[in-house]
Amino acid sequence: MATSPDGELPRVSRGRPQVFISPMRELESPQRQTPDSLMLTGFWYRALPADRVHRNQLQKAMLLEIPLVLGRDRQRQPFALRDACPHRGMPLHCGQFDGEQVECGYHGWRFDAHTGQCQLIPSLTADQTLKVDRIYAGSYACEEHDQFLWVYVPESPAAGAGFTKQVEPSTAAPQIQKFSEKYQLAYLTADMPVSVDHGIIGLMDPAHGPFVHQAWWWRKRASIHEKQKNFEPIPNGFRMSAHTPSSNSAPYKLLRLYADAESITTTIDFTLPNLRTETIRAGKYWFSSLTTVTPITRNHCRIDVVAAWNLFRWMPFGPELLKFVFAKFVEQDRRTMELQSQGLKHNPHLMLIDDADRPAKWYFELKAAYLEAKRSGSAMKHPIPEPVTLKWRS
Ligand code: FES
Ligand SMILES: [Fe+2]
């Protein structure tokens, strides 16, 4: 599991539900949004970078407060089991793995790594008839895409102990869109000591840029100006419609010189539970990224950015440069959220303002609509009825 440098989970308060007050209602009773840090099940989540999980080894991870053990079999195929033996709860990552079966370190029960089905209980005598193959260690669908291992967290979680088989995913694991055969791929990851909700609304927040992401090669605080962007509803989310990117940042100026200036467009989508995709296209050149904010525990999330591109392939330091720029951004966000978590410890009242926090409001509304649809069994009622233009200064 991802931990802070000192090897411990960041100590942040177990949050009571946060209350968001919208400014128009300040004098009325506080408006409760979706309870803070509610984690959505029934989706694929990034569990670990693929290069951290090696063949014939066991690696622990945590997703939505579910302890997992991940590994790769002899053919390098990844798998994910609940990290608790169904016999007496021993963490399975402490056991042995021969590339096919995981053996618990306590009484030696053996489980098929992919299905979780029990294969052997060493203590049974020849005349004892316990049906070993009816016992399962909880197992999860696990796939490898774009340098990450993804795990499907089902709506009714696989019981830790018992007789439940793996739940089949209802959707395919998300993948980065690519627009040519040849491309480069890189990832970045950072732990944030805040709930997934704060991670996500921080990610989609348009107003913090000039204050948090100042750099001579990006933008200065003095470059703040009014912006206007069009948004439209998409299934489970919303899209910042294709637009020509911000003119006041150096990389875009460079890109504009490099490709045909008029043809640069950016599209940014957010979809539940935690996916932000950004696509930049400039003629035959493209850049595409899929950023996720993954709930690890109630008060701890992880941001993973994976980018693919065919831009700058002529530049000797292209990928390094891009990674440097992204690492800088992510570190600035991480540092900000680390400081924010200190303020959140004492459960302050918070507010969401128009229009700069409208995407954050939509996020909470989408989440509430998704949960309501699940509860009532009816179709999800999209909270954004039609395209809308938002204005802010940044
Ligand atoms: S606890 Fe795992 S075999 Fe007993
Ligand atoms: Fe940011």
# chains A, B, ... in the order shown; residues from 1 in each chain; ligands from 1
>>> residues_near_ligand(ligand="ligand 1", cutoff="9 Å", atoms="only C-alpha atoms and all ligand atoms", output="JSON, numbers by chain")
{"A": [84, 85, 86, 87, 88, 89, 90, 91, 92, 95, 103, 104, 105, 106, 107, 108, 109, 110, 121, 122]}
>>> write_last_selection(atoms="N, CA, C and O atoms", output="compact mmCIF listing (two decimals), in the first residue's frame")
# COMPACT_ATOMS: atom_id res chain seq x y z
N ALA A 84 -6.79 -11.24 2.90
CA ALA A 84 -7.18 -11.84 4.17
C ALA A 84 -7.61 -13.27 3.90
O ALA A 84 -8.50 -13.51 3.09
N CYS A 85 -6.97 -14.20 4.55
CA CYS A 85 -7.31 -15.61 4.36
C CYS A 85 -8.73 -15.87 4.90
O CYS A 85 -9.07 -15.39 5.98
N PRO A 86 -9.56 -16.61 4.12
CA PRO A 86 -10.93 -16.85 4.58
C PRO A 86 -10.98 -17.78 5.80
O PRO A 86 -12.04 -17.93 6.40
N HIS A 87 -9.86 -18.39 6.18
CA HIS A 87 -9.86 -19.24 7.36
C HIS A 87 -9.83 -18.40 8.63
O HIS A 87 -10.78 -18.37 9.40
N ARG A 88 -8.75 -17.65 8.84
CA ARG A 88 -8.66 -16.84 10.07
C ARG A 88 -8.12 -15.44 9.84
O ARG A 88 -7.61 -14.83 10.75
N GLY A 89 -8.21 -14.99 8.57
CA GLY A 89 -7.92 -13.59 8.30
C GLY A 89 -6.45 -13.23 8.16
O GLY A 89 -6.11 -12.05 8.05
N MET A 90 -5.59 -14.20 8.13
CA MET A 90 -4.15 -13.92 7.97
C MET A 90 -3.94 -13.18 6.63
O MET A 90 -4.51 -13.56 5.62
N PRO A 91 -3.14 -12.09 6.62
CA PRO A 91 -2.86 -11.44 5.32
C PRO A 91 -2.18 -12.42 4.38
O PRO A 91 -1.15 -13.02 4.73
N LEU A 92 -2.74 -12.56 3.19
CA LEU A 92 -2.18 -13.55 2.25
C LEU A 92 -0.83 -13.10 1.69
O LEU A 92 -0.03 -13.92 1.27
N GLY A 95 2.15 -14.86 2.88
CA GLY A 95 2.33 -16.29 2.57
C GLY A 95 3.30 -16.53 1.43
O GLY A 95 4.13 -15.69 1.10
N GLU A 103 -0.24 -19.61 -0.96
CA GLU A 103 -0.35 -20.45 0.23
C GLU A 103 -0.33 -19.56 1.47
O GLU A 103 0.58 -18.76 1.66
N CYS A 104 -1.35 -19.71 2.31
CA CYS A 104 -1.42 -18.90 3.52
C CYS A 104 -0.33 -19.33 4.50
O CYS A 104 -0.05 -20.52 4.66
N GLY A 105 0.26 -18.32 5.15
CA GLY A 105 1.39 -18.60 6.04
C GLY A 105 0.99 -19.18 7.39
O GLY A 105 1.86 -19.56 8.18
N TYR A 106 -0.32 -19.27 7.69
CA TYR A 106 -0.74 -19.70 9.03
C TYR A 106 -0.98 -21.21 9.09
O TYR A 106 -0.35 -21.92 9.88
N HIS A 107 -1.89 -21.73 8.23
CA HIS A 107 -2.16 -23.18 8.24
C HIS A 107 -1.98 -23.80 6.86
O HIS A 107 -2.43 -24.92 6.63
N GLY A 108 -1.39 -23.02 5.95
CA GLY A 108 -1.02 -23.59 4.65
C GLY A 108 -2.16 -23.85 3.68
O GLY A 108 -1.97 -24.57 2.70
N TRP A 109 -3.33 -23.27 3.90
CA TRP A 109 -4.39 -23.42 2.89
C TRP A 109 -3.87 -22.82 1.60
O TRP A 109 -3.19 -21.79 1.60
N ARG A 110 -4.22 -23.45 0.48
CA ARG A 110 -3.75 -22.96 -0.82
C ARG A 110 -4.91 -22.50 -1.68
O ARG A 110 -5.96 -23.15 -1.72
N ILE A 121 -6.38 -28.01 1.87
CA ILE A 121 -6.33 -27.73 3.31
C ILE A 121 -5.48 -28.84 3.92
O ILE A 121 -5.92 -29.98 4.05
N PRO A 122 -4.24 -28.54 4.25
CA PRO A 122 -3.30 -29.60 4.64
C PRO A 122 -3.73 -30.40 5.87
O PRO A 122 -3.35 -31.56 6.00
>>> select_by_dssp(residues="range 59-185 of chain A", states="strand (DSSP E or B)", output="PyMOL selection string")
chain A and resi 59-63+66-72+78-82+96-97+101-103+110-112+117-120+136-137+139-140+142-145+148-153+161-162+184-185
>>> residues_near_ligand(ligand="ligand 2", cutoff="8 Å", atoms="only C-alpha atoms and all ligand atoms", output="PyMOL selection string")
chain A and resi 202-205+208-209+212-213+329-330+332-333
>>> closest_atom_pairs(of="range 54-166 of chain A", to="range 278-301 of chain A", cutoff="7 Å", atoms="only C-alpha atoms", output="Markdown table")
| residue | atom | partner | partner_atom | distance |
| --- | --- | --- | --- | --- |
| A:Met62 | CA | A:Ile296 | CA | 5.7 |
| A:Leu63 | CA | A:Ile296 | CA | 4.6 |
| A:Leu64 | CA | A:Ile296 | CA | 5.0 |
| A:Glu65 | CA | A:Thr297 | CA | 4.7 |
>>> write_last_selection(atoms="N, CA and C atoms", output="PDB file, in the first residue's frame")
ATOM      1  N   MET A  62      -4.056  -1.120  -1.333  1.00  0.00           N
ATOM      2  CA  MET A  62      -5.352  -0.858  -0.721  1.00  0.00           C
ATOM      3  C   MET A  62      -6.179   0.002  -1.656  1.00  0.00           C
ATOM      4  N   LEU A  63      -7.457  -0.360  -1.782  1.00  0.00           N
ATOM      5  CA  LEU A  63      -8.400   0.372  -2.622  1.00  0.00           C
ATOM      6  C   LEU A  63      -9.700   0.498  -1.867  1.00  0.00           C
ATOM      7  N   LEU A  64     -10.215   1.689  -1.699  1.00  0.00           N
ATOM      8  CA  LEU A  64     -11.500   1.893  -1.026  1.00  0.00           C
ATOM      9  C   LEU A  64     -11.538   1.156   0.326  1.00  0.00           C
ATOM     10  N   GLU A  65     -10.460   1.237   1.039  1.00  0.00           N
ATOM     11  CA  GLU A  65     -10.299   0.586   2.349  1.00  0.00           C
ATOM     12  C   GLU A  65     -10.374  -0.935   2.288  1.00  0.00           C
TER      13      GLU A  65
END
>>> residues_around(residues="range 174-191 of chain A", least_positions_apart="2", cutoff="8 Å", atoms="only C-alpha atoms", output="count of residues only")
32
